[in-house]
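Okay, structure first, notes after.
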Amino acid sequence: MNAKDKGLGWFTRRGFLYGSSALLTGAMFRVSSVAAQEAGTGREQAKSGVATPASMAGHVIDVHHHFLPPYYQQLAVEMGGEPQHWTPGMSLERMDTIGIQAAVLSISNWIAGAKEPTAEQILRLCRECNDFGAKMVQQYPRRFGFLASLMTLPDVDASLKELEYAMDTLKADGVGLMSHYGPGAYLGDPAMAPVYEEMNRRGVVAFVHPANGWYDYRFEPGKNPVKLPSLGAAELPIDTTRALLNCLGENVAEKYPNIKFIWAHGGGGMLMLLCRSASVTNDGTGYEPMYDRLSKAVSSWYYDLTNTISPPAIHGLLAAAPASHLLFGTDIPRGGNGRFSPDLLAALPSAGIPDAQIQNVIGGNAQTLFPRLRQKG
Ligand SMILES: [Zn+2]
């Protein structure tokens with residue numbers, strides 16, 4: 001058994017075998033066929049037309065898909081970060097290969113070197129990314145939606161202006177937020193309340209992506225005490241967890257019930273911390289009422305399953321939130337450019353998603369949140 005088989009064994013053994021509905025069989029056939037093509041074993045089938053994505057049942061929507069407009073790429077290098085190449089064509093090609101009909105674009109965590117961008121650079125970054133996203137939607141209305149960046153946070157005035165421009169002029173499908181901004185302004189921080197109020201008034205979808213954690217071992221790999229790549233495997237989802245817990249602590253779900261928060265990567269480590277959060281909070285509420293409050297908030301939010309499709313994660317999420325709040329995502333072009341996405345799509349049934357919910361999780365739920373991407377005809 002090689003390393004890949006060891007890590008992915010539960011679905012390489014079972015994922016392609018189980019599943020009862022015709023729809024599911026179609027979806028599994030498509031993704032397993034693509035996986036075979038990528039391994040160089042399915043080219044004949046692909047040429048015959050049998051396995052082309054358009055011919056398959058199922059409308060797959062990727063709610064966690066990044067775009068890197070030219071100024072994003074330029075600024076990353078100016079800040080000392082690695083050059084990152086991306087074009088819209090690269091996303092489309094990858095989506096077609098995997099069988100993704102539509103993707104919701106957002107900018108990713110800011111990968112930079114030692115320097116921090118100035119306020120002017122952030123303003124320009126935000127505006128250029130948002131204009132670029134709107135143009136992509138205009139050019140490919142059935143393939144893309146876009147989430148407006150509010151990298152301007154925690155600057156409330158600049159963020160309110162950008163939010164108004166993005167929603168009213170650019171017709172963004174929602175906003176893309178980071179788990180924290182600057183040196184420690186975590187989402188939920190009351191200092192950003194006017195922005196949450198406006199998002200709540202508009203009833204926006206707000207996708208929360210992790211920002212880099214408190215320490216980025218890529219710059220000093222020798223100091224990394226963790227065997228796995230610490231940023232991707234631990235720091236990023238843990239930073240999402242910090243933001244989510246802060247929002248729970250600040251009663252964000254109760255104060256702003258109209259914001260449809262989507263938490264990346266299944267909410268990070270949130271599931272394991274609900275009991276502990278309720279039991280260490282000493283505000284006089286008592287454990288049970290506090291646990292109930294936190295659970296209610298968690299069940300009101302949405303979760304993308306990007307690299308989170310494993311039985312423990314899926315069973316936990318289904319216990320914490322309705323299946324209608326689970327969404328498929330890939331992290332393209334990050335995270336290996338979605339190289340495991342076909343496998344992860346195929347793994348949904350054996351990971352615990354009920355057959356009747358598979359189609360909703362891979363695309364139906366996203367169509368409800370993003371009406372622009374509803375399947376036509
Ligand atoms: Zn991402």
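By order in the structure tokens, chains are A, B, ...; within a chain, residues start at 1; ligands start at 1, following the order shown.
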
Using only C-alpha atoms and all ligand atoms, tabulate the residues of chain A lying at most 8 Å from any atom of ligand 1, each with its closest atom pair and that distance in Å to one decimal, by chain and increasing residue number, as a tab-separated table.
residue	atom	partner	partner_atom_place_in_ligand_line	distance
A:His64	CA	ligand 1	1 (Zn)	6.2
A:His65	CA	ligand 1	1 (Zn)	6.8
A:His66	CA	ligand 1	1 (Zn)	6.5
A:Ile107	CA	ligand 1	1 (Zn)	7.9
A:Ser108	CA	ligand 1	1 (Zn)	5.3
A:Asn109	CA	ligand 1	1 (Zn)	7.0
A:His209	CA	ligand 1	1 (Zn)	6.3
A:Pro210	CA	ligand 1	1 (Zn)	7.5
A:Ala264	CA	ligand 1	1 (Zn)	7.5
A:Thr330	CA	ligand 1	1 (Zn)	7.9
A:Asp331	CA	ligand 1	1 (Zn)	4.6
A:Ile332	CA	ligand 1	1 (Zn)	7.5
A:Arg334	CA	ligand 1	1 (Zn)	6.4
A:Gly335	CA	ligand 1	1 (Zn)	7.5

Identify, on the basis of only C-alpha atoms, every residue whose closest approach to range 161-163 of chain A does not exceed 12 Å; exclude the query and any residue fewer than 4 positions from it along the same chain; express the result as a PyMOL selection string. chain A and resi 122-131+147-153+155-157+167-177+194-202+204+206

Create the file for the chosen residues now, containing N, CA and C atoms and written as a short mmCIF file (atom, residue, chain, number, x, y, z; two decimals), in the first residue's frame.
data_model
loop_
_atom_site.label_atom_id
_atom_site.label_comp_id
_atom_site.auth_asym_id
_atom_site.auth_seq_id
_atom_site.Cartn_x
_atom_site.Cartn_y
_atom_site.Cartn_z
N ILE A 122 -4.07 48.32 -0.31
CA ILE A 122 -5.22 47.46 0.03
C ILE A 122 -6.49 47.95 -0.68
N LEU A 123 -6.67 49.26 -0.68
CA LEU A 123 -7.83 49.83 -1.37
C LEU A 123 -7.83 49.46 -2.85
N ARG A 124 -6.66 49.62 -3.46
CA ARG A 124 -6.54 49.30 -4.88
C ARG A 124 -6.74 47.80 -5.12
N LEU A 125 -6.16 47.00 -4.22
CA LEU A 125 -6.31 45.54 -4.34
C LEU A 125 -7.79 45.15 -4.33
N CYS A 126 -8.48 45.70 -3.35
CA CYS A 126 -9.90 45.40 -3.19
C CYS A 126 -10.68 45.80 -4.45
N ARG A 127 -10.49 47.02 -4.88
CA ARG A 127 -11.24 47.53 -6.02
C ARG A 127 -10.92 46.75 -7.30
N GLU A 128 -9.63 46.49 -7.53
CA GLU A 128 -9.26 45.78 -8.77
C GLU A 128 -9.77 44.34 -8.74
N CYS A 129 -9.71 43.70 -7.59
CA CYS A 129 -10.22 42.33 -7.51
C CYS A 129 -11.72 42.31 -7.74
N ASN A 130 -12.42 43.27 -7.14
CA ASN A 130 -13.88 43.28 -7.29
C ASN A 130 -14.29 43.59 -8.73
N ASP A 131 -13.60 44.54 -9.35
CA ASP A 131 -13.90 44.83 -10.76
C ASP A 131 -13.60 43.62 -11.64
N LEU A 147 -17.66 36.82 -5.06
CA LEU A 147 -17.83 37.37 -3.72
C LEU A 147 -16.90 38.57 -3.60
N ALA A 148 -17.47 39.69 -3.25
CA ALA A 148 -16.68 40.92 -3.19
C ALA A 148 -15.71 40.88 -2.02
N SER A 149 -14.48 41.26 -2.31
CA SER A 149 -13.48 41.31 -1.24
C SER A 149 -13.70 42.53 -0.35
N LEU A 150 -13.56 42.34 0.95
CA LEU A 150 -13.55 43.47 1.88
C LEU A 150 -12.22 43.46 2.64
N MET A 151 -11.14 43.35 1.86
CA MET A 151 -9.81 43.39 2.48
C MET A 151 -9.56 44.73 3.17
N THR A 152 -10.44 45.68 2.91
CA THR A 152 -10.36 47.00 3.54
C THR A 152 -10.60 46.94 5.05
N LEU A 153 -11.22 45.88 5.55
CA LEU A 153 -11.43 45.76 7.00
C LEU A 153 -10.09 45.70 7.73
N ASP A 155 -11.03 48.80 8.48
CA ASP A 155 -11.43 50.19 8.21
C ASP A 155 -12.91 50.19 7.85
N VAL A 156 -13.74 50.66 8.76
CA VAL A 156 -15.19 50.56 8.59
C VAL A 156 -15.68 51.43 7.43
N ASP A 157 -15.21 52.68 7.36
CA ASP A 157 -15.72 53.59 6.33
C ASP A 157 -15.36 53.08 4.93
N MET A 167 -21.99 45.62 -4.16
CA MET A 167 -23.33 45.05 -4.20
C MET A 167 -24.23 45.80 -5.18
N ASP A 168 -24.15 47.13 -5.18
CA ASP A 168 -25.10 47.91 -6.00
C ASP A 168 -24.62 48.10 -7.44
N THR A 169 -23.34 48.37 -7.62
CA THR A 169 -22.85 48.63 -8.97
C THR A 169 -22.39 47.35 -9.65
N LEU A 170 -21.61 46.54 -8.93
CA LEU A 170 -21.06 45.33 -9.55
C LEU A 170 -22.00 44.13 -9.44
N LYS A 171 -23.02 44.23 -8.61
CA LYS A 171 -23.98 43.12 -8.40
C LYS A 171 -23.27 41.85 -7.94
N ALA A 172 -22.42 42.00 -6.94
CA ALA A 172 -21.71 40.84 -6.39
C ALA A 172 -22.71 39.85 -5.79
N ASP A 173 -22.30 38.58 -5.71
CA ASP A 173 -23.18 37.54 -5.17
C ASP A 173 -23.07 37.41 -3.66
N GLY A 174 -22.23 38.23 -3.07
CA GLY A 174 -22.02 38.18 -1.63
C GLY A 174 -20.66 38.80 -1.33
N VAL A 175 -20.18 38.56 -0.14
CA VAL A 175 -18.86 39.10 0.21
C VAL A 175 -17.94 37.96 0.66
N GLY A 176 -16.65 38.18 0.42
CA GLY A 176 -15.63 37.24 0.88
C GLY A 176 -14.87 37.88 2.02
N LEU A 177 -14.96 37.28 3.20
CA LEU A 177 -14.29 37.84 4.37
C LEU A 177 -13.11 36.97 4.77
N PRO A 194 -20.62 48.29 12.27
CA PRO A 194 -21.40 48.93 11.19
C PRO A 194 -21.37 48.14 9.88
N VAL A 195 -20.28 47.42 9.65
CA VAL A 195 -20.20 46.61 8.42
C VAL A 195 -21.12 45.39 8.54
N TYR A 196 -21.12 44.75 9.72
CA TYR A 196 -22.03 43.61 9.89
C TYR A 196 -23.48 44.08 9.77
N GLU A 197 -23.76 45.26 10.34
CA GLU A 197 -25.14 45.77 10.29
C GLU A 197 -25.59 45.96 8.85
N GLU A 198 -24.70 46.51 8.03
CA GLU A 198 -25.05 46.73 6.62
C GLU A 198 -25.20 45.40 5.89
N MET A 199 -24.31 44.46 6.19
CA MET A 199 -24.43 43.13 5.56
C MET A 199 -25.74 42.48 5.98
N ASN A 200 -26.10 42.66 7.24
CA ASN A 200 -27.34 42.08 7.75
C ASN A 200 -28.56 42.73 7.08
N ARG A 201 -28.49 44.04 6.91
CA ARG A 201 -29.60 44.76 6.26
C ARG A 201 -29.82 44.25 4.84
N ARG A 202 -28.69 43.95 4.18
CA ARG A 202 -28.78 43.48 2.79
C ARG A 202 -29.02 41.96 2.71
N VAL A 204 -26.75 39.52 3.01
CA VAL A 204 -25.73 38.97 2.10
C VAL A 204 -25.27 37.58 2.52
N ALA A 206 -21.98 35.66 3.24
CA ALA A 206 -20.63 36.08 3.64
C ALA A 206 -19.75 34.84 3.83
#

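For Val63 in chain A, the list of residues within 10 Å, based on only C-alpha atoms and with local chain neighbours fewer than 4 positions off taken out, reads Ala102, Ala103, Val104, Leu105, Ser106, Phe144, Gly145, Phe146, Leu147, Phe207, Ile262, Ala264, Tyr303, Asp304, Leu305, Thr306, Leu327, Phe328, Gly329, Thr330, Asp331, Ile362, Gly363, Ala366 and Phe370 of chain A.
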
Please identify all polymer residues within 12 Å of range 79-88 of chain A, counting only C-alpha atoms, omitting same-chain residues fewer than 4 positions from it, and present them as a PyMOL selection string. chain A and resi 65-75+92-95+103+105+107-108+110-118+121-122+132-133+135-137+139-140+143-144+218-219+332-334+337

May I have the residues from that selection written out with N, CA and C atoms, as a CSV table (one decimal), in the first residue's frame?
chain,number,residue,atom,x,y,z
A,65,HIS,N,-13.6,28.8,-4.5
A,65,HIS,CA,-12.8,28.8,-5.7
A,65,HIS,C,-12.1,30.2,-5.8
A,66,HIS,N,-10.8,30.2,-5.9
A,66,HIS,CA,-10.1,31.5,-5.8
A,66,HIS,C,-9.7,32.1,-7.2
A,67,PHE,N,-9.7,33.4,-7.2
A,67,PHE,CA,-9.2,34.0,-8.4
A,67,PHE,C,-8.1,35.0,-8.0
A,68,LEU,N,-7.1,35.1,-8.9
A,68,LEU,CA,-5.9,35.9,-8.5
A,68,LEU,C,-5.7,37.0,-9.6
A,69,PRO,N,-6.5,38.1,-9.6
A,69,PRO,CA,-6.3,39.1,-10.6
A,69,PRO,C,-4.9,39.6,-10.7
A,70,PRO,N,-4.6,40.3,-11.8
A,70,PRO,CA,-3.2,40.8,-12.0
A,70,PRO,C,-2.6,41.6,-10.9
A,71,TYR,N,-3.4,42.5,-10.3
A,71,TYR,CA,-2.8,43.3,-9.2
A,71,TYR,C,-2.6,42.5,-8.0
A,72,TYR,N,-3.4,41.5,-7.7
A,72,TYR,CA,-3.2,40.5,-6.6
A,72,TYR,C,-1.8,39.9,-6.8
A,73,GLN,N,-1.6,39.4,-8.0
A,73,GLN,CA,-0.3,38.7,-8.3
A,73,GLN,C,0.9,39.7,-8.1
A,74,GLN,N,0.7,40.9,-8.7
A,74,GLN,CA,1.8,41.9,-8.6
A,74,GLN,C,2.1,42.3,-7.2
A,75,LEU,N,1.0,42.5,-6.4
A,75,LEU,CA,1.3,43.0,-5.0
A,75,LEU,C,1.9,41.9,-4.1
A,92,LEU,N,-11.3,27.7,-15.8
A,92,LEU,CA,-12.2,27.0,-16.6
A,92,LEU,C,-11.8,25.6,-17.0
A,93,GLU,N,-10.5,25.5,-17.4
A,93,GLU,CA,-10.0,24.3,-17.8
A,93,GLU,C,-10.1,23.2,-16.7
A,94,ARG,N,-9.7,23.7,-15.5
A,94,ARG,CA,-9.7,22.8,-14.3
A,94,ARG,C,-11.2,22.4,-14.0
A,95,MET,N,-12.1,23.3,-14.1
A,95,MET,CA,-13.5,23.1,-13.8
A,95,MET,C,-14.0,22.0,-14.8
A,103,ALA,N,-18.5,28.1,-10.5
A,103,ALA,CA,-17.7,28.4,-9.3
A,103,ALA,C,-18.0,29.8,-8.8
A,105,LEU,N,-16.3,32.8,-7.1
A,105,LEU,CA,-14.9,33.3,-6.9
A,105,LEU,C,-14.8,34.1,-5.7
A,107,ILE,N,-11.2,35.9,-3.3
A,107,ILE,CA,-9.8,36.0,-3.2
A,107,ILE,C,-9.3,35.2,-2.0
A,108,SER,N,-8.1,34.7,-2.0
A,108,SER,CA,-7.6,33.8,-1.0
A,108,SER,C,-6.9,34.6,0.1
A,110,TRP,N,-4.1,36.2,2.1
A,110,TRP,CA,-3.0,37.1,1.5
A,110,TRP,C,-1.7,36.4,1.8
A,111,ILE,N,-1.1,35.8,0.7
A,111,ILE,CA,0.2,35.2,0.9
A,111,ILE,C,1.3,36.2,0.5
A,112,ALA,N,2.0,36.6,1.5
A,112,ALA,CA,3.0,37.6,1.3
A,112,ALA,C,4.2,37.3,2.1
A,113,GLY,N,5.2,38.1,1.8
A,113,GLY,CA,6.5,38.0,2.5
A,113,GLY,C,6.5,38.9,3.7
A,114,ALA,N,7.7,39.5,3.9
A,114,ALA,CA,7.9,40.2,5.2
A,114,ALA,C,7.1,41.6,5.2
A,115,LYS,N,6.8,42.1,4.0
A,115,LYS,CA,6.2,43.5,4.0
A,115,LYS,C,4.7,43.4,4.1
A,116,GLU,N,4.1,44.4,4.7
A,116,GLU,CA,2.6,44.6,4.7
A,116,GLU,C,2.2,45.6,3.7
A,117,PRO,N,1.1,45.4,3.0
A,117,PRO,CA,0.7,46.5,2.1
A,117,PRO,C,0.2,47.7,2.8
A,118,THR,N,0.3,48.9,2.1
A,118,THR,CA,-0.2,50.1,2.7
A,118,THR,C,-1.7,50.1,2.6
A,121,GLN,N,-2.6,50.6,-1.0
A,121,GLN,CA,-2.5,49.3,-1.8
A,121,GLN,C,-3.6,48.4,-1.6
A,122,ILE,N,-4.1,48.3,-0.3
A,122,ILE,CA,-5.2,47.5,0.0
A,122,ILE,C,-6.5,47.9,-0.7
A,132,PHE,N,-12.5,43.0,-11.3
A,132,PHE,CA,-12.1,41.8,-12.1
A,132,PHE,C,-13.1,40.7,-12.0
A,133,GLY,N,-13.6,40.4,-10.8
A,133,GLY,CA,-14.6,39.4,-10.5
A,133,GLY,C,-15.9,39.7,-11.3
A,135,LYS,N,-16.2,41.4,-14.0
A,135,LYS,CA,-16.0,41.2,-15.4
A,135,LYS,C,-16.0,39.7,-15.8
A,136,MET,N,-15.5,38.9,-14.9
A,136,MET,CA,-15.5,37.4,-15.2
A,136,MET,C,-17.0,36.9,-15.2
A,137,VAL,N,-17.8,37.4,-14.3
A,137,VAL,CA,-19.2,37.0,-14.3
A,137,VAL,C,-19.9,37.5,-15.5
A,139,GLN,N,-18.5,38.0,-18.4
A,139,GLN,CA,-18.0,37.2,-19.6
A,139,GLN,C,-18.5,35.8,-19.5
A,140,TYR,N,-18.6,35.2,-18.3
A,140,TYR,CA,-19.1,33.8,-18.2
A,140,TYR,C,-20.2,33.7,-17.2
A,143,ARG,N,-20.9,30.3,-15.6
A,143,ARG,CA,-19.8,29.6,-15.0
A,143,ARG,C,-19.3,30.2,-13.7
A,144,PHE,N,-19.5,31.5,-13.5
A,144,PHE,CA,-19.0,32.1,-12.3
A,144,PHE,C,-20.0,33.0,-11.6
A,218,ARG,N,6.3,28.6,6.7
A,218,ARG,CA,6.9,28.5,5.4
A,218,ARG,C,8.2,29.3,5.3
A,219,PHE,N,8.2,30.4,6.1
A,219,PHE,CA,9.3,31.3,6.0
A,219,PHE,C,10.5,30.8,6.9
A,332,ILE,N,-9.5,25.5,-5.6
A,332,ILE,CA,-8.7,25.8,-6.9
A,332,ILE,C,-8.4,27.3,-6.9
A,333,PRO,N,-7.2,27.8,-7.3
A,333,PRO,CA,-6.1,27.0,-7.7
A,333,PRO,C,-5.1,26.6,-6.5
A,334,ARG,N,-5.5,26.9,-5.3
A,334,ARG,CA,-4.7,26.6,-4.2
A,334,ARG,C,-4.9,25.1,-3.8
A,337,ASN,N,-4.5,22.7,-6.6
A,337,ASN,CA,-5.4,23.0,-7.8
A,337,ASN,C,-6.5,22.0,-7.9

Near-Pro311 in chain A list (10 Å; only C-alpha atoms; drop same-chain fewer than 3 positions) as a list of chain:residue names: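 Final neighbour list, sorted by chain and number: A:Trp10, A:Phe11, A:Thr308, A:Ile314, A:His315, A:Gly316, A:Leu317, A:Ala347, A:Leu348, A:Pro349, A:Ser350, A:Ala351, A:Gly352, A:Ile353.
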
Report as a ChimeraX atom specification all protein, DNA and RNA residues lying within 10 Å of range 234-246 of chain A, evaluated on only C-alpha atoms, omitting residues in the same chain fewer than 4 positions from it. /A:109,178-180,185-189,208-217,226,228-230,250-252,261,263-271,273-274,277,294,298

Got time to write the residues from that selection, N, CA and C atoms, as a tab-separated table (two decimals), in the first residue's frame?
chain	number	residue	atom	x	y	z
A	109	ASN	N	-6.46	33.83	1.10
A	109	ASN	CA	-5.66	34.48	2.14
A	109	ASN	C	-4.46	35.17	1.50
A	178	MET	N	-12.21	37.54	5.56
A	178	MET	CA	-11.09	36.79	6.12
A	178	MET	C	-11.37	36.56	7.62
A	179	SER	N	-10.77	35.51	8.15
A	179	SER	CA	-10.98	35.20	9.57
A	179	SER	C	-10.49	36.33	10.47
A	180	HIS	N	-9.40	36.97	10.06
A	180	HIS	CA	-8.96	38.15	10.80
A	180	HIS	C	-8.29	39.14	9.87
A	185	ALA	N	-7.67	41.76	14.45
A	185	ALA	CA	-9.09	42.11	14.43
A	185	ALA	C	-9.84	40.91	13.87
A	186	TYR	N	-10.31	40.05	14.77
A	186	TYR	CA	-11.02	38.84	14.33
A	186	TYR	C	-12.46	39.17	13.99
A	187	LEU	N	-12.95	38.42	13.03
A	187	LEU	CA	-14.35	38.58	12.65
A	187	LEU	C	-15.21	38.45	13.89
A	188	GLY	N	-16.19	39.30	14.00
A	188	GLY	CA	-17.01	39.33	15.21
A	188	GLY	C	-16.62	40.48	16.11
A	189	ASP	N	-15.43	41.06	15.88
A	189	ASP	CA	-14.96	42.20	16.67
A	189	ASP	C	-16.01	43.32	16.58
A	208	VAL	N	-16.44	33.03	4.76
A	208	VAL	CA	-15.31	33.33	5.64
A	208	VAL	C	-14.15	32.39	5.34
A	209	HIS	N	-13.05	32.97	4.90
A	209	HIS	CA	-11.85	32.21	4.55
A	209	HIS	C	-10.78	32.47	5.60
A	210	PRO	N	-9.97	31.47	5.91
A	210	PRO	CA	-8.92	31.75	6.89
A	210	PRO	C	-7.85	32.69	6.34
A	211	ALA	N	-7.41	33.57	7.21
A	211	ALA	CA	-6.20	34.35	6.93
A	211	ALA	C	-5.03	33.55	7.50
A	212	ASN	N	-3.83	33.92	7.14
A	212	ASN	CA	-2.68	33.20	7.67
A	212	ASN	C	-2.71	33.23	9.20
A	213	GLY	N	-2.30	32.14	9.80
A	213	GLY	CA	-2.30	32.05	11.26
A	213	GLY	C	-1.26	32.95	11.88
A	214	TRP	N	-1.04	32.77	13.13
A	214	TRP	CA	-0.15	33.68	13.84
A	214	TRP	C	1.31	33.46	13.50
A	215	TYR	N	1.61	32.28	12.96
A	215	TYR	CA	3.00	32.07	12.56
A	215	TYR	C	3.04	31.27	11.27
A	216	ASP	N	3.80	31.74	10.31
A	216	ASP	CA	3.85	31.07	9.01
A	216	ASP	C	5.20	30.36	8.88
A	217	TYR	N	5.17	29.07	9.11
A	217	TYR	CA	6.42	28.31	9.13
A	217	TYR	C	7.04	28.13	7.74
A	226	VAL	N	5.62	20.74	13.68
A	226	VAL	CA	4.57	19.80	13.23
A	226	VAL	C	5.01	19.14	11.94
A	228	LEU	N	3.20	17.61	9.48
A	228	LEU	CA	2.43	18.00	8.30
A	228	LEU	C	2.71	19.46	7.97
A	229	PRO	N	2.44	19.87	6.70
A	229	PRO	CA	2.61	21.31	6.39
A	229	PRO	C	1.73	22.12	7.32
A	230	SER	N	2.33	22.87	8.20
A	230	SER	CA	1.55	23.42	9.32
A	230	SER	C	0.55	24.47	8.88
A	250	GLU	N	-19.46	36.75	20.50
A	250	GLU	CA	-20.02	38.10	20.31
A	250	GLU	C	-21.48	38.05	19.87
A	251	ASN	N	-22.10	36.89	19.93
A	251	ASN	CA	-23.53	36.74	19.59
A	251	ASN	C	-23.84	37.21	18.16
A	252	VAL	N	-22.91	36.93	17.24
A	252	VAL	CA	-23.09	37.42	15.87
A	252	VAL	C	-24.32	36.81	15.20
A	261	PHE	N	-23.63	33.27	6.73
A	261	PHE	CA	-22.20	32.96	6.83
A	261	PHE	C	-21.92	31.57	6.28
A	263	TRP	N	-18.73	29.09	6.43
A	263	TRP	CA	-17.41	28.91	7.05
A	263	TRP	C	-16.61	27.90	6.23
A	264	ALA	N	-15.40	28.29	5.84
A	264	ALA	CA	-14.57	27.41	5.01
A	264	ALA	C	-14.14	26.17	5.78
A	265	HIS	N	-13.86	25.11	5.02
A	265	HIS	CA	-13.29	23.88	5.58
A	265	HIS	C	-14.09	23.35	6.77
A	266	GLY	N	-15.41	23.34	6.63
A	266	GLY	CA	-16.25	22.77	7.68
A	266	GLY	C	-16.19	23.53	8.99
A	267	GLY	N	-15.72	24.78	8.94
A	267	GLY	CA	-15.63	25.56	10.19
A	267	GLY	C	-14.37	25.28	10.97
A	268	GLY	N	-13.37	24.64	10.31
A	268	GLY	CA	-12.10	24.36	11.00
A	268	GLY	C	-12.32	23.35	12.13
A	269	GLY	N	-11.86	23.68	13.30
A	269	GLY	CA	-11.95	22.74	14.43
A	269	GLY	C	-13.14	23.00	15.33
A	270	MET	N	-14.11	23.76	14.84
A	270	MET	CA	-15.23	24.21	15.66
A	270	MET	C	-15.99	23.09	16.36
A	271	LEU	N	-16.22	21.98	15.63
A	271	LEU	CA	-17.09	20.92	16.20
A	271	LEU	C	-16.56	20.38	17.51
A	273	LEU	N	-14.99	21.89	19.73
A	273	LEU	CA	-14.83	22.89	20.78
A	273	LEU	C	-16.14	23.44	21.32
A	274	LEU	N	-17.26	22.96	20.81
A	274	LEU	CA	-18.55	23.51	21.27
A	274	LEU	C	-18.79	23.23	22.75
A	277	SER	N	-16.32	25.19	24.81
A	277	SER	CA	-16.62	26.62	24.84
A	277	SER	C	-17.76	26.91	25.80
A	294	LEU	N	-25.02	28.21	21.62
A	294	LEU	CA	-23.93	28.02	20.66
A	294	LEU	C	-24.36	27.06	19.55
A	298	VAL	N	-24.52	27.72	15.51
A	298	VAL	CA	-23.75	26.87	14.58
A	298	VAL	C	-24.68	26.27	13.52

Write down as number ranges by chain the residues of range 137-167 of chain A whose backbone DSSP state falls under helix (DSSP H, G or I). A: 137-139, 156-167

What does the file look like for those residues with C-alpha atoms, as a CSV table (one decimal), in the first residue's frame?
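Done, and the output landed in selection04.csv:
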chain,number,residue,atom,x,y,z
A,137,VAL,CA,-19.2,37.0,-14.3
A,138,GLN,CA,-20.1,39.3,-17.2
A,139,GLN,CA,-18.0,37.2,-19.6
A,156,VAL,CA,-15.2,50.6,8.6
A,157,ASP,CA,-15.7,53.6,6.3
A,158,ALA,CA,-13.7,52.2,3.4
A,159,SER,CA,-15.4,48.8,3.8
A,160,LEU,CA,-18.9,50.3,3.8
A,161,LYS,CA,-18.0,52.2,0.6
A,162,GLU,CA,-16.6,49.1,-1.1
A,163,LEU,CA,-19.6,47.0,0.1
A,164,GLU,CA,-22.0,49.5,-1.5
A,165,TYR,CA,-20.1,49.6,-4.7
A,166,ALA,CA,-19.7,45.9,-5.0
A,167,MET,CA,-23.3,45.0,-4.2

Mind giving me the straight-line distance from CA of Leu373 in chain A to CA of Gly336 in chain A in Å, one decimal?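 Separating CA of Leu373 in chain A from CA of Gly336 in chain A is a distance of 25.3 Å.
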